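*Asks:* Here you go, this is run_27.txt (compact mmCIF, C-alpha atoms).
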# COMPACT_ATOMS: atom_id res chain seq x y z
CA MET A 1 -11.65 11.70 -11.90
CA ASN A 2 -14.29 9.74 -10.00
CA ILE A 3 -12.57 7.23 -7.69
CA LEU A 4 -13.67 4.40 -5.39
CA VAL A 5 -11.23 3.29 -2.69
CA VAL A 6 -12.04 -0.18 -1.37
CA GLY A 7 -10.77 -0.60 2.18
CA GLY A 8 -10.46 2.20 4.70
CA GLY A 9 -7.38 1.02 6.60
CA THR A 10 -4.15 2.97 6.80
CA MET A 11 -3.39 2.73 3.09
CA GLY A 12 -6.94 3.17 1.86
CA ALA A 13 -7.51 6.20 4.05
CA GLY A 14 -4.23 7.70 2.86
CA ILE A 15 -5.13 7.16 -0.80
CA ALA A 16 -8.58 8.67 -0.27
CA THR A 17 -7.08 11.67 1.52
CA THR A 18 -4.56 12.32 -1.23
CA ALA A 19 -7.05 11.99 -4.07
CA ALA A 20 -9.60 14.25 -2.35
CA VAL A 21 -7.01 16.94 -1.55
CA HIS A 22 -6.13 17.07 -5.25
CA GLY A 23 -9.70 17.59 -6.37
CA HIS A 24 -10.85 14.12 -7.32
CA THR A 25 -14.31 12.84 -6.42
CA VAL A 26 -13.72 10.13 -3.82
CA HIS A 27 -15.85 7.33 -2.40
CA VAL A 28 -14.57 5.00 0.35
CA ARG A 29 -16.05 1.53 0.77
CA ASP A 30 -15.58 -0.80 3.71
CA ALA A 31 -17.35 -3.75 5.28
CA SER A 32 -19.43 -1.94 7.91
CA ALA A 33 -20.48 1.41 9.32
CA GLU A 34 -17.99 0.89 12.15
CA ALA A 35 -15.13 0.31 9.69
CA LEU A 36 -16.13 3.44 7.80
CA ASP A 37 -16.16 5.46 11.03
CA ALA A 38 -12.58 4.31 11.68
CA ALA A 39 -11.63 5.19 8.09
CA ARG A 40 -13.15 8.64 8.44
CA ALA A 41 -11.14 9.19 11.63
CA ARG A 42 -7.94 8.24 9.77
CA VAL A 43 -8.73 10.63 6.93
CA ASP A 44 -9.56 13.39 9.39
CA ASP A 45 -6.23 12.87 11.17
CA SER A 46 -4.32 12.94 7.86
CA LEU A 47 -6.06 16.13 6.77
CA THR A 48 -5.35 17.79 10.11
CA ARG A 49 -1.66 16.98 9.73
CA LEU A 50 -1.60 18.29 6.16
CA ALA A 51 -3.37 21.50 7.20
CA ARG A 52 -0.51 22.27 9.59
CA ARG A 53 1.77 22.50 6.55
CA ASN A 54 -0.76 24.21 4.28
CA GLU A 55 -3.02 26.79 5.87
CA ALA A 56 -5.09 27.06 2.69
CA LEU A 57 -6.29 23.49 3.10
CA ASP A 58 -9.73 23.15 4.71
CA PRO A 59 -10.04 19.67 6.29
CA THR A 60 -13.76 20.06 7.01
CA THR A 61 -14.64 20.83 3.40
CA ILE A 62 -12.46 18.04 2.01
CA ILE A 63 -13.69 15.31 4.34
CA GLY A 64 -17.23 16.47 3.71
CA SER A 65 -16.72 15.92 -0.03
CA ILE A 66 -15.92 12.20 0.44
CA SER A 67 -18.79 9.71 0.33
CA TRP A 68 -18.76 6.63 2.54
CA VAL A 69 -20.41 3.38 1.45
CA THR A 70 -20.61 -0.10 2.96
CA THR A 71 -19.89 -3.24 0.97
CA ASP A 72 -23.59 -4.14 0.79
CA GLY A 73 -24.58 -0.62 -0.29
CA PRO A 74 -25.13 0.67 -3.83
CA SER A 75 -22.01 0.86 -6.00
CA PRO A 76 -21.16 4.35 -7.27
CA SER A 77 -20.31 4.78 -10.96
CA VAL A 78 -16.56 5.54 -11.10
CA ASP A 79 -13.62 5.81 -13.50
CA LEU A 80 -11.07 4.13 -11.24
CA VAL A 81 -11.28 1.65 -8.37
CA ILE A 82 -8.28 1.33 -6.04
CA GLU A 83 -8.39 -1.78 -3.86
CA ALA A 84 -6.58 -1.49 -0.53
CA ILE A 85 -7.66 -4.58 1.40
CA PRO A 86 -5.33 -7.01 3.27
CA GLU A 87 -2.51 -8.79 1.41
CA ASP A 88 -4.28 -12.06 0.76
CA LEU A 89 -4.36 -13.29 -2.85
CA ASP A 90 -7.61 -15.24 -2.56
CA LEU A 91 -9.29 -12.29 -0.87
CA LYS A 92 -8.15 -9.93 -3.62
CA ILE A 93 -9.23 -12.28 -6.41
CA ALA A 94 -12.70 -12.52 -4.89
CA CYS A 95 -12.81 -8.73 -4.43
CA PHE A 96 -11.88 -8.08 -8.07
CA GLY A 97 -14.54 -10.51 -9.26
CA ASP A 98 -17.13 -8.50 -7.34
CA LEU A 99 -15.70 -5.21 -8.61
CA GLU A 100 -15.83 -6.33 -12.24
CA SER A 101 -19.47 -7.35 -11.98
CA ALA A 102 -20.40 -4.09 -10.23
CA ASN A 103 -18.60 -1.68 -12.57
CA ASP A 104 -18.69 -0.66 -16.21
CA PRO A 105 -16.19 -2.50 -18.47
CA SER A 106 -14.35 0.79 -18.98
CA THR A 107 -13.66 1.24 -15.25
CA ILE A 108 -10.00 0.67 -14.33
CA LEU A 109 -9.49 -1.78 -11.47
CA ALA A 110 -6.26 -1.17 -9.56
CA SER A 111 -4.71 -3.01 -6.64
CA ASN A 112 -2.52 -1.39 -4.02
CA THR A 113 -0.76 -4.71 -3.40
CA SER A 114 2.93 -4.40 -2.56
CA SER A 115 3.93 -7.84 -3.84
CA LEU A 116 1.07 -10.06 -5.04
CA PRO A 117 0.93 -10.84 -8.80
CA ILE A 118 -1.34 -8.57 -10.81
CA GLY A 119 -1.68 -11.28 -13.46
CA ARG A 120 -3.11 -13.73 -10.92
CA ILE A 121 -5.60 -11.15 -9.70
CA ALA A 122 -6.68 -10.35 -13.27
CA GLU A 123 -6.69 -13.90 -14.64
CA PRO A 124 -10.27 -14.91 -13.70
CA LEU A 125 -11.79 -11.68 -15.04
CA THR A 126 -13.56 -11.11 -18.33
CA HIS A 127 -11.68 -7.86 -18.95
CA PRO A 128 -8.13 -8.34 -17.55
CA SER A 129 -6.82 -5.51 -19.73
CA ARG A 130 -8.21 -2.95 -17.29
CA VAL A 131 -6.45 -4.44 -14.22
CA ILE A 132 -3.28 -2.78 -12.96
CA GLY A 133 -1.23 -2.29 -9.82
CA LEU A 134 -1.06 1.11 -8.10
CA HIS A 135 1.36 0.56 -5.23
CA PHE A 136 1.30 3.55 -2.89
CA PHE A 137 3.71 4.03 0.00
CA ASN A 138 3.01 4.73 3.65
CA PRO A 139 2.25 7.42 4.71
CA VAL A 140 0.49 8.08 1.41
CA PRO A 141 -0.15 11.85 1.75
CA VAL A 142 3.56 12.69 2.10
CA SER A 143 5.20 9.85 0.13
CA SER A 144 6.12 10.90 -3.39
CA LEU A 145 6.34 7.53 -5.18
CA VAL A 146 3.65 5.36 -6.77
CA GLU A 147 4.68 2.10 -8.43
CA ILE A 148 2.52 1.28 -11.45
CA VAL A 149 2.56 -2.47 -12.07
CA THR A 150 1.51 -3.78 -15.49
CA GLY A 151 0.24 -7.31 -15.94
CA THR A 152 0.70 -9.16 -19.22
CA ALA A 153 -2.90 -8.34 -20.17
CA THR A 154 -2.88 -4.68 -19.04
CA ASP A 155 -3.47 -2.44 -22.03
CA THR A 156 -1.65 0.79 -22.89
CA ALA A 157 -4.72 2.97 -22.32
CA THR A 158 -5.00 1.71 -18.75
CA VAL A 159 -1.34 2.50 -18.07
CA ASP A 160 -1.63 5.97 -19.64
CA THR A 161 -4.71 6.84 -17.56
CA CYS A 162 -2.98 5.73 -14.37
CA LEU A 163 0.15 7.73 -15.22
CA GLU A 164 -2.04 10.79 -15.65
CA PHE A 165 -3.84 10.11 -12.37
CA VAL A 166 -0.63 9.63 -10.38
CA ARG A 167 0.81 12.88 -11.71
CA SER A 168 -2.46 14.67 -10.94
CA ILE A 169 -2.03 13.89 -7.23
CA ASP A 170 1.53 15.25 -7.28
CA LYS A 171 3.26 11.86 -7.09
CA THR A 172 6.07 10.45 -9.22
CA PRO A 173 5.16 7.22 -11.04
CA ILE A 174 7.48 4.41 -12.02
CA VAL A 175 6.30 1.62 -14.31
CA VAL A 176 7.39 -1.96 -13.64
CA GLN A 177 6.43 -5.32 -15.08
CA ASP A 178 4.49 -7.78 -12.97
CA SER A 179 7.15 -9.80 -11.13
CA PRO A 180 7.57 -11.05 -7.55
CA GLY A 181 7.92 -8.05 -5.23
CA PHE A 182 7.89 -5.66 -8.21
CA ALA A 183 10.86 -3.25 -7.87
CA SER A 184 10.36 -1.44 -4.58
CA SER A 185 9.23 -4.30 -2.31
CA ARG A 186 11.86 -6.66 -3.69
CA LEU A 187 14.76 -4.26 -3.13
CA GLY A 188 13.43 -2.83 0.12
CA LEU A 189 12.75 -6.25 1.60
CA ALA A 190 16.22 -7.55 0.70
CA LEU A 191 17.73 -4.74 2.76
CA GLY A 192 15.20 -5.11 5.56
CA LEU A 193 15.68 -8.86 5.96
CA GLU A 194 19.46 -8.50 6.08
CA ALA A 195 19.09 -5.84 8.78
CA VAL A 196 16.93 -8.25 10.81
CA ARG A 197 19.56 -10.98 10.41
CA MET A 198 22.22 -8.56 11.68
CA VAL A 199 20.17 -7.85 14.83
CA GLU A 200 19.58 -11.59 15.23
CA ALA A 201 23.34 -12.26 14.99
CA GLY A 202 24.21 -9.47 17.44
CA VAL A 203 26.15 -7.45 14.86
CA ALA A 204 24.68 -4.18 16.14
CA SER A 205 21.53 -2.79 17.73
CA ALA A 206 18.49 -1.91 15.65
CA ALA A 207 19.06 1.77 16.38
CA ASP A 208 22.69 1.66 15.24
CA ILE A 209 21.90 -0.29 12.08
CA ASP A 210 19.26 2.29 11.18
CA THR A 211 21.65 5.14 11.92
CA ALA A 212 24.26 3.54 9.66
CA MET A 213 21.89 3.61 6.70
CA GLU A 214 20.46 7.04 7.50
CA LEU A 215 23.78 8.82 7.90
CA GLY A 216 26.10 6.64 5.85
CA TYR A 217 23.81 6.10 2.86
CA LYS A 218 21.44 9.07 3.20
CA HIS A 219 18.34 6.90 3.59
CA PRO A 220 15.56 9.03 5.11
CA MET A 221 14.65 6.12 7.41
CA GLY A 222 16.59 3.04 8.47
CA PRO A 223 15.38 -0.41 7.32
CA LEU A 224 14.26 -1.55 10.78
CA ARG A 225 12.36 1.63 11.60
CA LEU A 226 10.74 1.31 8.18
CA THR A 227 9.84 -2.31 8.97
CA ASP A 228 8.16 -1.08 12.16
CA LEU A 229 6.23 1.53 10.18
CA VAL A 230 5.10 -0.93 7.48
CA GLY A 231 4.25 -3.61 10.04
CA LEU A 232 6.30 -6.69 10.88
CA ASP A 233 3.35 -8.90 9.94
CA VAL A 234 3.12 -7.24 6.52
CA ARG A 235 6.87 -7.62 5.97
CA LEU A 236 6.70 -11.28 7.02
CA ALA A 237 3.86 -12.00 4.58
CA ILE A 238 5.79 -10.40 1.72
CA ALA A 239 8.95 -12.29 2.68
CA GLU A 240 7.09 -15.59 2.70
CA HIS A 241 5.66 -14.85 -0.75
CA LEU A 242 9.06 -13.89 -2.20
CA HIS A 243 10.70 -16.87 -0.51
CA ALA A 244 8.26 -19.15 -2.33
CA GLU A 245 8.74 -17.34 -5.64
CA LEU A 246 12.45 -16.42 -5.63
CA GLY A 247 14.18 -18.80 -3.25
CA ASP A 248 16.19 -18.86 -0.06
CA ARG A 249 17.58 -15.33 -0.20
CA PHE A 250 14.14 -14.13 0.94
CA GLU A 251 13.66 -16.71 3.70
CA PRO A 252 12.25 -14.83 6.74
CA PRO A 253 14.65 -14.70 9.71
CA GLN A 254 13.44 -16.52 12.82
CA LEU A 255 13.59 -13.28 14.80
CA LEU A 256 11.00 -11.73 12.50
CA ARG A 257 8.74 -14.76 12.89
CA ASP A 258 9.14 -14.69 16.67
CA LEU A 259 8.27 -11.00 16.98
CA VAL A 260 5.16 -11.42 14.85
CA GLU A 261 4.09 -14.49 16.84
CA ASP A 262 4.49 -12.48 20.05
CA GLY A 263 2.31 -9.70 18.68
CA HIS A 264 5.10 -7.14 18.32
CA LEU A 265 4.14 -5.76 14.92
CA GLY A 266 5.84 -2.35 15.00
CA LYS A 267 4.34 1.09 15.37
CA LYS A 268 0.74 -0.11 15.30
CA THR A 269 1.26 -2.21 18.44
CA GLY A 270 3.80 0.07 20.12
CA ARG A 271 6.74 -2.28 19.79
CA GLY A 272 8.74 -3.86 17.00
CA PHE A 273 12.48 -3.37 16.52
CA HIS A 274 11.96 -0.03 18.25
CA THR A 275 9.57 1.12 20.98
CA TRP A 276 6.94 3.59 19.78
Reformat the file's structure so that it appears as structure tokens.
*Replies:*
Amino acid sequence: MNILVVGGGTMGAGIATTAAVHGHTVHVRDASAEALDAARARVDDSLTRLARRNEALDPTTIIGSISWVTTDGPSPSVDLVIEAIPEDLDLKIACFGDLESANDPSTILASNTSSLPIGRIAEPLTHPSRVIGLHFFNPVPVSSLVEIVTGTATDTATVDTCLEFVRSIDKTPIVVQDSPGFASSRLGLALGLEAVRMVEAGVASAADIDTAMELGYKHPMGPLRLTDLVGLDVRLAIAEHLHAELGDRFEPPQLLRDLVEDGHLGKKTGRGFHTW
């Protein structure tokens, strides 16, 4: 399959890496040559890590097979576009408008959003039936789940093609209806926010709360370490969206707001609920 990944940040680079490793033709688009250089470095790092587990994998050949295009450059003809830009609804709506005008009506337009409504993204488009959510998980190359989110206008052929694509990259798909937080973000955030409230109330340390879930409930990673990995700012944005949509049970704790305001965003800044 011929794929365009829009946005070369952590998620976009991970999606591009995974698709290229599994033999798909991959193009990565970002705003500038500098952004593409950073994306290429992320892909290179991911491939190097994967090669340590699989000696047959050749990072140089794979990264050399990926094409890199700026936003103002020519648009490649592709079967599937996966948008992985920041979690801002207006930004995504504008992006999808541009993508629809630049691509054939048969091209599937997918968003990697973890919580924003697919229906709202698709609503202004002429062909909303080809819009879908493909919610990957961080780190993409080693995470086995992809959440396929269907809007009310998404047609069956679009879903079937995405199911086939997800399986082709050795991931397990689940299909959920378009609803606030989908399945994974809604459940994961409920646990994460309660863990933050427990730290805020002095119930236990972040490390001990994480250990409780890892050892007592066999979670591979505790909710606060996961929050650090995802990014406290990302978790806060999702919480604010779900708070508006679903009510007070998703109201962000003040501690989360304070940490974000102070610039402690988790692993990417070196400090969140843990020190990295």
*Asks:* Under the rule that only C-alpha atoms are counted, which of A:Arg167, A:Met1, A:Thr10, A:Thr126 is the nearest residue to Gly231 of chain A?
*Replies:*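 Of all the options, A:Thr10 lies closest to Gly231 of chain A.
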*Asks:* Using all atoms listed in the file - which residues lie no farther than 12 Å from the point (-10.4, -11.8, -4.7) in the file's frame? Write them as a VMD selection string.
*Replies:* chain A and resid 83 to 100 111 116 118 120 to 125
*Asks:* Here is a test: counting all atoms listed in the file, which residue of A:Ser65, A:Thr25, A:Ser114, A:Asn54 is nearest to Ser184 of chain A?
*Replies:*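 Closest residue, counting all atoms listed in the file: A:Ser114.
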*Asks:* Tell me, in Å to one decimal, how far atom CA of Asn103 of chain A is from atom CA of Gly119 of chain A.
*Replies:* 19.5 Å
*Asks:* With 9 Å as the threshold, what does the neighbourhood of (-6.7, 15.3, -6.6) contain in terms of residues, counting only C-alpha atoms? Coordinates are those of the file; answer as a PyMOL selection string.
*Replies:* chain A and resi 1+17-25+165+168-170
*Asks:* Extract, using only C-alpha atoms, all DNA, RNA and protein residues at most 10 Å from Asp178 of chain A, discarding same-chain residues fewer than 5 positions from it, and format them as number ranges by chain.
*Replies:* A: 115-120, 132-133, 148-152, 183
*Asks:* Nearest to Asp160 of chain A: which of A:Leu189, A:Ala51, A:Val140, A:Ile108 is it, counting all atoms listed in the file?
*Replies:*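 Counting all atoms listed in the file, the residue closest to Asp160 of chain A is A:Ile108.
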*Asks:* Given all atoms listed in the file as the basis, pick out the residue of A:Arg186, A:Arg40, A:His264, A:His274 nearest to Val28 of chain A.
*Replies:* A:Arg40
*Asks:* List the neighbours of Val260 of chain A out to 10 Å using all atoms listed in the file; skip same-chain residues closer than 5 positions along the sequence, and give me the result as a list in words.
*Replies:*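 So the residues in contact are Gly231, Leu232, Asp233, Val234, Arg235, Leu236, Gln254, Leu255, Leu265, Gly266 and Gly272 of chain A.
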*Asks:* Please, what distance in Å, to one decimal, runs between atom CA of Ala195 of chain A and atom CA of Gly12 of chain A?
*Replies:*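 Interatomic distance here is 28.4 Å.
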